[in-house]
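Novice: Just dropping this structure here.
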Amino acid sequence: MPSPAAPGRYDSGPGPRGGRGSRNPRRRAGRGRRYLRTAAVLASVLVLGGAGTYVWADTRLNQEVDLGALGARVPAGEGTTYLVVGSDSREGLSEQDRKDLNTGSAEGRRTDSVILLHTGANGTTMVSLPRDSWVTLPSYVDPGTGRSYRAAPDKLNAAFSLGGPDLLVRTVERNTGVRVDHYAEIGFAGFVGVVDAVGGVDLCLGRPVRDKDSGANLPAGCQTLDGAEALAFVRQRKQEARGDLGRTRNQQRFLAALARKAATPSTLADPSKSFPTLDAGLDTLIVDEGTELPDLMGLFEALRKATGGGGRRLNVPVADPDLRTPKGSAVKWDERRARALFDALREDRSPG
C-alpha cells in the first residue's frame with residue numbers, strides 16, 4: 001500500500017498564492033477509503049488463497065502409517081522428533097522414467113536415507129543413520145506371509161524392506177531409545193519433482209562425481225543440478241571413501257542446498273514455483289496418521305534450520321564402518337558416544 005503524504009502536506013499542485021495548499025479533508029477521506037478497500041480486497045485474496053491451498057494440501061496427505069498401533073514403545077521424550085525417510089519407491093515413475101533415472105526395476109520400497117530430526121527448546125539437530133547400520137530388529141510378523149520372527153541383528157535397511165515403516169520405526173526406537181513423534185517418507189518421483197519445481201539446486205563439487213549404478217556423471221565445479229542429477233548424486237556411494245557414511249554426508253549437504261533454494265523469497269513469493277514444489281512433494285509423500293499440515297510445516301522449518309546454519313547436522317558416531325557380518329559389510333555404531341547423542345536428543349539437550 002502506498003505511504004501517506006507527510007503530516008501537514010498534501011501534494012495536489014499549487015494552491016492559492018502559488019504556494020502549496022492545505023489538504024482537502026473530503027479528498028483525503030476518499031483516498032483513505034480507497035486504500036482501505038484495496039487492502040481489504042488484497043487481504044481477502046491472500047486469506048482465501050491460503051485457506052484454499054491449506055485445504056487442498058491437507059487432503060493430499062497420505063497418512064498411511066499408524067504409530068499408535070505399534071504396541072510397546074519407548075517413553076516419550078522432550079521436544080519433537082521426526083523420522084525422515086528417503087525411499088527408493090518407484091511409485092509414480094514410468095518405465096522410461098526408471099530408465100532415465102537409473103532406478104532399476106525392483107519393486108517394493110527400501111531406504112536410501114534415514115534421518116532423525118529433533119527440534120525443541122535447545123535447537124534443531126539432524127542425525128543421519130546409515131542404512132547399513134548393524135542394529136537389532138525387534139520381533140515382528142511378516143505382513144505378507146503372517147510368519148513370526150524373533151528379534152535378531154540385521155542392517156537397518158532390512159527393517160524397512162521386511163516390515164515397512166512400522167518395523168523401521170520400532171527398530172529405530174529400540175536401538176536409539178528416542179521416541180518417534182512423526183514419520184515422513186518421500187519416494188524417487190517426489191524428490192525429483194521438488195528439485196525440478198524450484199528450478200534446480202546449486203552445488204559446488206571439489207571433484208568429478210561418476211557412478212554407474214546411480215547414473216551420476218557430474219563435473220567438478222559449481223553447477224545447478226536438476227532433479228535427475230540430484231537423485232543420482234545423493235544415491236551414489238561407490239566412489240566415496242567411506243561408502244555409506246560418505247553418502248549420508250552428501251545427502252545432508254544436498255538437503256542444505258535444497259533448503260536454501262526453497263526458502264528464497266523468489267521461490268516463496270512465486271506461485272509458479274511454490275505451488276508446483278508443494279504439489280511435487282505431496283505426490284509421493286507418506287506420513288503417519290497423527291501428522292497434519294501444521295506438523296508437516298514444522299518438519300520443513302526444522303529441516304531448514306538444521307541445514308541452514310541454525311542447527312546441527314550430525315552422523316551417528318561410528319566405531320567400524322566396515323563390520324563383517326553374515327549379511328555383508330555393515331556399519332557398527334560407537335555404542336558409548338551414540339548412546340550419549342541419543343540421550344541428549346531424548347532429553348532435548350544440545351549434543352556434546
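The way I read the labels, and the way they are meant: chains A, B, ... in the order of the C-alpha cells, residue 1 as the first residue of every chain, and ligand 1 as the first ligand shown, with later ones counted on from there.
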List as a short mmCIF file (atom, residue, chain, number, x, y, z; two decimals) with N, CA and C atoms, in the first residue's frame the protein and nucleic acid residues near A:Val195, meaning an atom at most 8 Å away when only C-alpha atoms are counted, but skip any in the same chain fewer than 3 places from it.
Specialist:
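File written: around.cif
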data_model
loop_
_atom_site.label_atom_id
_atom_site.label_comp_id
_atom_site.auth_asym_id
_atom_site.auth_seq_id
_atom_site.Cartn_x
_atom_site.Cartn_y
_atom_site.Cartn_z
N PHE A 191 11.03 -36.66 -4.93
CA PHE A 191 12.32 -35.99 -4.79
C PHE A 191 12.68 -35.24 -6.07
N VAL A 192 12.59 -35.94 -7.19
CA VAL A 192 12.93 -35.33 -8.48
C VAL A 192 11.99 -34.16 -8.76
N VAL A 198 11.71 -26.20 -8.02
CA VAL A 198 12.39 -24.99 -7.54
C VAL A 198 13.42 -24.49 -8.54
N GLY A 199 13.49 -25.14 -9.71
CA GLY A 199 14.42 -24.68 -10.74
C GLY A 199 15.82 -25.24 -10.60
N GLY A 200 15.96 -26.37 -9.90
CA GLY A 200 17.28 -26.96 -9.71
C GLY A 200 17.96 -26.45 -8.46
N VAL A 201 19.00 -27.14 -8.03
CA VAL A 201 19.71 -26.79 -6.80
C VAL A 201 21.19 -26.56 -7.10
N ASP A 226 19.64 -30.61 -11.83
CA ASP A 226 18.21 -30.82 -11.97
C ASP A 226 17.81 -32.04 -11.14
N GLY A 227 16.52 -32.41 -11.20
CA GLY A 227 16.04 -33.48 -10.34
C GLY A 227 16.75 -34.80 -10.55
N ALA A 230 20.35 -34.59 -9.27
CA ALA A 230 20.36 -34.54 -7.81
C ALA A 230 20.12 -35.93 -7.22
N LEU A 258 19.22 -27.52 -0.95
CA LEU A 258 17.82 -27.52 -1.35
C LEU A 258 17.01 -26.60 -0.44
N THR A 277 6.13 -26.89 -6.27
CA THR A 277 7.01 -27.52 -5.27
C THR A 277 6.19 -28.31 -4.27
#
Novice: Report as a PyMOL selection string all protein, DNA and RNA residues lying within 12 Å of A:Asn315, evaluated on only C-alpha atoms, omitting residues in the same chain fewer than 4 positions from it.
Specialist: chain A and resi 113-117+125-131+133+244-252+331+333-334+337-338+341-342+351
Novice: From a backbone DSSP assignment, name each residue in stretch 63-205 of chain A labelled alpha helix (DSSP H), as an MDAnalysis selection string.
Specialist: chainID A and resid 95:100 156:176 188:197
Novice: Take the residues from that selection and put them in a file with N, CA, C and O atoms, as a compact mmCIF listing (two decimals), in the first residue's frame.
Specialist:
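Okay, again24.txt is ready:
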# COMPACT_ATOMS: atom_id res chain seq x y z
N GLU A 95 8.09 -46.52 -16.99
CA GLU A 95 9.24 -47.35 -17.34
C GLU A 95 10.37 -46.50 -17.91
O GLU A 95 11.55 -46.73 -17.64
N GLN A 96 10.01 -45.46 -18.69
CA GLN A 96 11.04 -44.59 -19.25
C GLN A 96 11.69 -43.76 -18.15
O GLN A 96 12.90 -43.54 -18.16
N ASP A 97 10.89 -43.32 -17.17
CA ASP A 97 11.46 -42.58 -16.03
C ASP A 97 12.47 -43.44 -15.29
O ASP A 97 13.56 -42.97 -14.93
N ARG A 98 12.13 -44.70 -15.06
CA ARG A 98 13.04 -45.59 -14.34
C ARG A 98 14.35 -45.77 -15.10
O ARG A 98 15.42 -45.81 -14.50
N LYS A 99 14.24 -45.84 -16.41
CA LYS A 99 15.44 -45.99 -17.22
C LYS A 99 16.27 -44.71 -17.19
O LYS A 99 17.50 -44.76 -17.00
N ASP A 100 15.61 -43.56 -17.32
CA ASP A 100 16.32 -42.28 -17.34
C ASP A 100 16.98 -41.99 -16.00
O ASP A 100 18.05 -41.37 -15.95
N LEU A 156 19.91 -51.88 9.19
CA LEU A 156 18.76 -51.01 9.39
C LEU A 156 17.84 -51.03 8.18
O LEU A 156 16.61 -51.02 8.32
N ASN A 157 18.41 -51.08 6.99
CA ASN A 157 17.61 -51.08 5.78
C ASN A 157 16.71 -52.32 5.70
O ASN A 157 15.64 -52.29 5.09
N ALA A 158 17.14 -53.42 6.33
CA ALA A 158 16.35 -54.65 6.30
C ALA A 158 15.02 -54.45 7.03
O ALA A 158 14.01 -55.04 6.66
N ALA A 159 15.02 -53.61 8.07
CA ALA A 159 13.79 -53.37 8.81
C ALA A 159 12.72 -52.80 7.89
O ALA A 159 11.56 -53.20 7.93
N PHE A 160 13.12 -51.88 7.04
CA PHE A 160 12.17 -51.24 6.13
C PHE A 160 11.71 -52.20 5.04
O PHE A 160 10.52 -52.28 4.73
N SER A 161 12.65 -52.96 4.48
CA SER A 161 12.28 -53.87 3.39
C SER A 161 11.46 -55.06 3.90
O SER A 161 10.61 -55.59 3.18
N LEU A 162 11.67 -55.48 5.15
CA LEU A 162 10.95 -56.64 5.69
C LEU A 162 9.60 -56.27 6.31
O LEU A 162 8.66 -57.05 6.23
N GLY A 163 9.55 -55.11 6.93
CA GLY A 163 8.31 -54.76 7.65
C GLY A 163 7.81 -53.36 7.42
O GLY A 163 6.92 -52.90 8.15
N GLY A 164 8.37 -52.66 6.42
CA GLY A 164 7.88 -51.33 6.09
C GLY A 164 8.12 -50.31 7.18
O GLY A 164 8.93 -50.50 8.09
N PRO A 165 7.40 -49.18 7.12
CA PRO A 165 7.59 -48.10 8.09
C PRO A 165 7.40 -48.53 9.53
O PRO A 165 8.11 -48.07 10.42
N ASP A 166 6.42 -49.44 9.78
CA ASP A 166 6.15 -49.87 11.16
C ASP A 166 7.39 -50.50 11.80
O ASP A 166 7.80 -50.13 12.91
N LEU A 167 8.00 -51.44 11.10
CA LEU A 167 9.17 -52.12 11.65
C LEU A 167 10.37 -51.18 11.71
O LEU A 167 11.19 -51.26 12.63
N LEU A 168 10.47 -50.27 10.75
CA LEU A 168 11.57 -49.31 10.78
C LEU A 168 11.48 -48.41 12.00
O LEU A 168 12.48 -48.19 12.70
N VAL A 169 10.29 -47.89 12.28
CA VAL A 169 10.11 -47.03 13.45
C VAL A 169 10.44 -47.79 14.72
O VAL A 169 11.16 -47.29 15.60
N ARG A 170 9.94 -49.02 14.84
CA ARG A 170 10.20 -49.82 16.04
C ARG A 170 11.70 -50.12 16.18
O ARG A 170 12.24 -50.13 17.30
N THR A 171 12.37 -50.35 15.05
CA THR A 171 13.80 -50.64 15.09
C THR A 171 14.60 -49.42 15.52
O THR A 171 15.52 -49.51 16.34
N VAL A 172 14.25 -48.27 14.97
CA VAL A 172 14.94 -47.03 15.34
C VAL A 172 14.74 -46.74 16.82
O VAL A 172 15.68 -46.40 17.55
N GLU A 173 13.52 -46.89 17.30
CA GLU A 173 13.25 -46.61 18.71
C GLU A 173 13.99 -47.59 19.61
O GLU A 173 14.55 -47.19 20.64
N ARG A 174 14.02 -48.87 19.25
CA ARG A 174 14.68 -49.87 20.08
C ARG A 174 16.18 -49.59 20.18
O ARG A 174 16.78 -49.76 21.26
N ASN A 175 16.80 -49.16 19.09
CA ASN A 175 18.26 -49.02 19.07
C ASN A 175 18.75 -47.62 19.46
O ASN A 175 19.94 -47.45 19.72
N THR A 176 17.84 -46.64 19.51
CA THR A 176 18.25 -45.29 19.92
C THR A 176 17.65 -44.88 21.25
O THR A 176 18.20 -44.00 21.93
N PHE A 188 11.30 -41.58 -4.95
CA PHE A 188 12.11 -41.02 -6.03
C PHE A 188 11.38 -39.93 -6.81
O PHE A 188 11.92 -38.86 -7.07
N ALA A 189 10.12 -40.22 -7.21
CA ALA A 189 9.40 -39.28 -8.06
C ALA A 189 9.19 -37.95 -7.35
O ALA A 189 9.33 -36.88 -7.95
N GLY A 190 8.85 -37.99 -6.06
CA GLY A 190 8.64 -36.77 -5.31
C GLY A 190 9.92 -35.97 -5.17
O GLY A 190 9.92 -34.74 -5.28
N PHE A 191 11.03 -36.66 -4.93
CA PHE A 191 12.32 -35.99 -4.79
C PHE A 191 12.68 -35.24 -6.07
O PHE A 191 13.03 -34.06 -6.06
N VAL A 192 12.59 -35.94 -7.19
CA VAL A 192 12.93 -35.33 -8.48
C VAL A 192 11.99 -34.16 -8.76
O VAL A 192 12.42 -33.09 -9.23
N GLY A 193 10.71 -34.33 -8.47
CA GLY A 193 9.74 -33.28 -8.74
C GLY A 193 10.00 -32.02 -7.94
O GLY A 193 9.87 -30.91 -8.46
N VAL A 194 10.36 -32.16 -6.67
CA VAL A 194 10.64 -31.00 -5.83
C VAL A 194 11.84 -30.22 -6.37
O VAL A 194 11.81 -28.99 -6.46
N VAL A 195 12.91 -30.94 -6.69
CA VAL A 195 14.11 -30.27 -7.19
C VAL A 195 13.82 -29.52 -8.49
O VAL A 195 14.22 -28.36 -8.67
N ASP A 196 13.11 -30.16 -9.40
CA ASP A 196 12.78 -29.51 -10.67
C ASP A 196 11.84 -28.33 -10.46
O ASP A 196 11.93 -27.32 -11.17
N ALA A 197 10.92 -28.44 -9.49
CA ALA A 197 9.94 -27.38 -9.25
C ALA A 197 10.60 -26.09 -8.77
O ALA A 197 10.12 -24.99 -9.06
Novice: Using atom CA of A:Val65 and atom CA of A:Ile186 as the two end points, give the distance in Å to one decimal.
Specialist: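 Straight-line distance from atom CA of A:Val65 to atom CA of A:Ile186 works out to 13.1 Å.
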Novice: Output as a list of chain:residue names all residues of stretch 287-345 of chain A that backbone DSSP marks as strand (DSSP E).
Specialist: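 Selecting the strand (DSSP E) positions of stretch 287-345 of chain A gives A:Val287, A:Asp288, A:Arg312, A:Arg313, A:Leu314, A:Asn315, A:Val318, A:Ala319, A:Asp320, A:Pro321, A:Asp322, A:Leu323, A:Arg324, A:Thr325, A:Gly328, A:Ser329, A:Ala330, A:Val331, A:Lys332, A:Trp333.
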Novice: With C-alpha atoms retained, write the just-selected residues as a PDB file, in the first residue's frame.
Specialist:
ATOM      1  CA  VAL A 287       3.210 -39.629   6.748  1.00  0.00           C
ATOM      2  CA  ASP A 288       1.753 -41.027   9.955  1.00  0.00           C
ATOM      3  CA  ARG A 312      23.315 -29.145  13.932  1.00  0.00           C
ATOM      4  CA  ARG A 313      23.970 -31.752  11.216  1.00  0.00           C
ATOM      5  CA  LEU A 314      25.487 -34.953  12.579  1.00  0.00           C
ATOM      6  CA  ASN A 315      26.175 -38.551  11.666  1.00  0.00           C
ATOM      7  CA  VAL A 318      30.741 -44.992  14.238  1.00  0.00           C
ATOM      8  CA  ALA A 319      33.248 -47.495  15.629  1.00  0.00           C
ATOM      9  CA  ASP A 320      33.668 -49.613  12.478  1.00  0.00           C
ATOM     10  CA  PRO A 321      32.438 -48.534   9.002  1.00  0.00           C
ATOM     11  CA  ASP A 322      33.212 -51.965   7.529  1.00  0.00           C
ATOM     12  CA  LEU A 323      31.981 -54.516  10.053  1.00  0.00           C
ATOM     13  CA  ARG A 324      31.942 -58.043   8.635  1.00  0.00           C
ATOM     14  CA  THR A 325      28.595 -59.729   9.252  1.00  0.00           C
ATOM     15  CA  GLY A 328      27.805 -58.487   4.343  1.00  0.00           C
ATOM     16  CA  SER A 329      29.656 -55.298   5.265  1.00  0.00           C
ATOM     17  CA  ALA A 330      27.809 -53.143   7.798  1.00  0.00           C
ATOM     18  CA  VAL A 331      28.318 -50.023   9.897  1.00  0.00           C
ATOM     19  CA  LYS A 332      28.883 -50.536  13.625  1.00  0.00           C
ATOM     20  CA  TRP A 333      27.935 -47.639  15.880  1.00  0.00           C
TER      21      TRP A 333
END
Novice: Go ahead and compute the interatomic distance for atom CA of A:Ala259 and atom CA of A:Thr307, in Å to one decimal.
Specialist: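 Separation of atom CA of A:Ala259 and atom CA of A:Thr307: 6.8 Å.
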Novice: Which residues are near A:Leu218? Cut-off 8 Å, only C-alpha atoms, ignore same chain within fewer than 3 positions. Put them as a PDB file with all heavy atoms, in the first residue's frame.
Specialist:
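Once written, part-v7.pdb looks like this:
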ATOM      1  N   PRO A 208      35.082 -34.480  -9.766  1.00  0.00           N
ATOM      2  CA  PRO A 208      34.002 -35.084 -10.543  1.00  0.00           C
ATOM      3  C   PRO A 208      33.345 -36.215  -9.761  1.00  0.00           C
ATOM      4  O   PRO A 208      33.984 -36.891  -8.959  1.00  0.00           O
ATOM      5  CB  PRO A 208      34.716 -35.617 -11.790  1.00  0.00           C
ATOM      6  CG  PRO A 208      35.999 -34.857 -11.864  1.00  0.00           C
ATOM      7  CD  PRO A 208      36.393 -34.585 -10.440  1.00  0.00           C
ATOM      8  N   VAL A 209      32.065 -36.400  -9.993  1.00  0.00           N
ATOM      9  CA  VAL A 209      31.327 -37.483  -9.349  1.00  0.00           C
ATOM     10  C   VAL A 209      30.748 -38.368 -10.445  1.00  0.00           C
ATOM     11  O   VAL A 209      29.899 -37.938 -11.229  1.00  0.00           O
ATOM     12  CB  VAL A 209      30.187 -36.941  -8.459  1.00  0.00           C
ATOM     13  CG1 VAL A 209      29.362 -38.080  -7.890  1.00  0.00           C
ATOM     14  CG2 VAL A 209      30.752 -36.091  -7.329  1.00  0.00           C
ATOM     15  N   ARG A 210      31.222 -39.607 -10.490  1.00  0.00           N
ATOM     16  CA  ARG A 210      30.742 -40.542 -11.503  1.00  0.00           C
ATOM     17  C   ARG A 210      30.432 -41.882 -10.849  1.00  0.00           C
ATOM     18  O   ARG A 210      31.250 -42.423 -10.106  1.00  0.00           O
ATOM     19  CB  ARG A 210      31.788 -40.721 -12.613  1.00  0.00           C
ATOM     20  CG  ARG A 210      32.037 -39.444 -13.404  1.00  0.00           C
ATOM     21  CD  ARG A 210      32.975 -39.676 -14.586  1.00  0.00           C
ATOM     22  NE  ARG A 210      33.125 -38.462 -15.376  1.00  0.00           N
ATOM     23  CZ  ARG A 210      34.031 -37.511 -15.148  1.00  0.00           C
ATOM     24  NH1 ARG A 210      34.891 -37.677 -14.149  1.00  0.00           N
ATOM     25  NH2 ARG A 210      34.096 -36.444 -15.908  1.00  0.00           N
ATOM     26  N   GLU A 229      19.777 -35.348 -11.870  1.00  0.00           N
ATOM     27  CA  GLU A 229      21.178 -35.262 -11.444  1.00  0.00           C
ATOM     28  C   GLU A 229      21.283 -35.270  -9.933  1.00  0.00           C
ATOM     29  O   GLU A 229      22.188 -35.897  -9.361  1.00  0.00           O
ATOM     30  CB  GLU A 229      21.798 -33.989 -12.019  1.00  0.00           C
ATOM     31  CG  GLU A 229      21.952 -34.007 -13.531  1.00  0.00           C
ATOM     32  CD  GLU A 229      22.295 -32.643 -14.093  1.00  0.00           C
ATOM     33  OE1 GLU A 229      21.920 -31.615 -13.469  1.00  0.00           O
ATOM     34  OE2 GLU A 229      22.927 -32.596 -15.174  1.00  0.00           O
TER      35      GLU A 229
END
Novice: I need the residue nearest A:His182 from this list: A:Asp348, A:Asp66, A:Asp343, A:Glu301. Use only C-alpha atoms for the distance.
Specialist: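 With only C-alpha atoms as the atom set, the closest residue is A:Asp66.
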Novice: Record the distance separating atom CA of A:Asn62 and atom CA of A:Arg147, expressed in Å with one decimal.
Specialist: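 So the two atoms, atom CA of A:Asn62 and atom CA of A:Arg147, lie 27.5 Å apart.
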Novice: Within 9 Å of A:Gly311, counting only C-alpha atoms, which residues qualify if same-chain residues fewer than 4 places away don't, as an mmCIF file with all heavy atoms, in the first residue's frame?
Specialist:
data_model
loop_
_atom_site.group_PDB
_atom_site.id
_atom_site.type_symbol
_atom_site.label_atom_id
_atom_site.label_comp_id
_atom_site.auth_asym_id
_atom_site.auth_seq_id
_atom_site.Cartn_x
_atom_site.Cartn_y
_atom_site.Cartn_z
ATOM 1 N N GLY A 123 17.224 -26.054 20.283
ATOM 2 C CA GLY A 123 17.604 -26.006 18.877
ATOM 3 C C GLY A 123 17.188 -27.247 18.110
ATOM 4 O O GLY A 123 16.417 -28.088 18.589
ATOM 5 N N THR A 124 17.726 -27.343 16.915
ATOM 6 C CA THR A 124 17.369 -28.413 15.988
ATOM 7 C C THR A 124 18.596 -29.239 15.643
ATOM 8 O O THR A 124 19.658 -28.684 15.378
ATOM 9 C CB THR A 124 16.773 -27.819 14.700
ATOM 10 O OG1 THR A 124 15.638 -27.019 15.035
ATOM 11 C CG2 THR A 124 16.348 -28.913 13.739
ATOM 12 N N THR A 125 18.430 -30.552 15.650
ATOM 13 C CA THR A 125 19.536 -31.468 15.353
ATOM 14 C C THR A 125 19.085 -32.509 14.336
ATOM 15 O O THR A 125 18.034 -33.131 14.504
ATOM 16 C CB THR A 125 20.030 -32.188 16.622
ATOM 17 O OG1 THR A 125 20.422 -31.219 17.602
ATOM 18 C CG2 THR A 125 21.213 -33.089 16.303
ATOM 19 N N MET A 126 19.877 -32.674 13.288
ATOM 20 C CA MET A 126 19.638 -33.702 12.285
ATOM 21 C C MET A 126 20.707 -34.770 12.435
ATOM 22 O O MET A 126 21.897 -34.468 12.427
ATOM 23 C CB MET A 126 19.706 -33.097 10.874
ATOM 24 C CG MET A 126 19.682 -34.133 9.755
ATOM 25 S SD MET A 126 20.140 -33.425 8.150
ATOM 26 C CE MET A 126 18.722 -32.400 7.830
ATOM 27 N N ALA A 302 12.023 -27.190 10.703
ATOM 28 C CA ALA A 302 13.144 -27.808 11.419
ATOM 29 C C ALA A 302 14.235 -28.217 10.446
ATOM 30 O O ALA A 302 15.430 -28.050 10.726
ATOM 31 C CB ALA A 302 12.648 -29.028 12.210
ATOM 32 N N LEU A 303 13.835 -28.752 9.286
ATOM 33 C CA LEU A 303 14.806 -29.143 8.270
ATOM 34 C C LEU A 303 15.565 -27.924 7.762
ATOM 35 O O LEU A 303 16.784 -27.966 7.581
ATOM 36 C CB LEU A 303 14.091 -29.842 7.114
ATOM 37 C CG LEU A 303 14.962 -30.404 5.986
ATOM 38 C CD1 LEU A 303 15.898 -31.481 6.523
ATOM 39 C CD2 LEU A 303 14.092 -30.980 4.876
ATOM 40 N N ARG A 304 14.846 -26.822 7.557
ATOM 41 C CA ARG A 304 15.501 -25.598 7.082
ATOM 42 C C ARG A 304 16.509 -25.089 8.112
ATOM 43 O O ARG A 304 17.620 -24.677 7.764
ATOM 44 C CB ARG A 304 14.449 -24.523 6.813
ATOM 45 C CG ARG A 304 15.011 -23.238 6.195
ATOM 46 C CD ARG A 304 13.972 -22.150 6.142
ATOM 47 N NE ARG A 304 13.568 -21.716 7.470
ATOM 48 C CZ ARG A 304 14.290 -20.879 8.213
ATOM 49 N NH1 ARG A 304 15.445 -20.391 7.763
ATOM 50 N NH2 ARG A 304 13.878 -20.527 9.414
ATOM 51 N N LYS A 305 16.135 -25.140 9.394
ATOM 52 C CA LYS A 305 17.044 -24.666 10.442
ATOM 53 C C LYS A 305 18.281 -25.555 10.536
ATOM 54 O O LYS A 305 19.404 -25.064 10.648
ATOM 55 C CB LYS A 305 16.322 -24.641 11.786
ATOM 56 C CG LYS A 305 15.314 -23.520 11.929
ATOM 57 C CD LYS A 305 14.667 -23.556 13.307
ATOM 58 C CE LYS A 305 13.674 -22.423 13.479
ATOM 59 N NZ LYS A 305 13.023 -22.466 14.821
ATOM 60 N N ALA A 306 18.054 -26.874 10.509
ATOM 61 C CA ALA A 306 19.170 -27.801 10.667
ATOM 62 C C ALA A 306 20.150 -27.705 9.515
ATOM 63 O O ALA A 306 21.362 -27.871 9.701
ATOM 64 C CB ALA A 306 18.657 -29.237 10.793
ATOM 65 N N THR A 307 19.648 -27.441 8.305
ATOM 66 C CA THR A 307 20.528 -27.418 7.133
ATOM 67 C C THR A 307 20.987 -26.015 6.771
ATOM 68 O O THR A 307 21.864 -25.851 5.929
ATOM 69 C CB THR A 307 19.809 -28.016 5.910
ATOM 70 O OG1 THR A 307 18.621 -27.261 5.637
ATOM 71 C CG2 THR A 307 19.447 -29.464 6.159
#
Novice: Need to verify the contact set: A:Arg150, 8 Å, only C-alpha atoms, exclusion of same-chain residues closer than 3 positions in sequence. Can you return it as a count of residues only?
Specialist: 3
Novice: Which one is closest to A:Lys155: A:Thr81, A:Thr111, A:Asn122, A:Ser214? Count only C-alpha atoms.
Specialist: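 Looking at the shortest contact to A:Lys155, the residue is A:Thr111.
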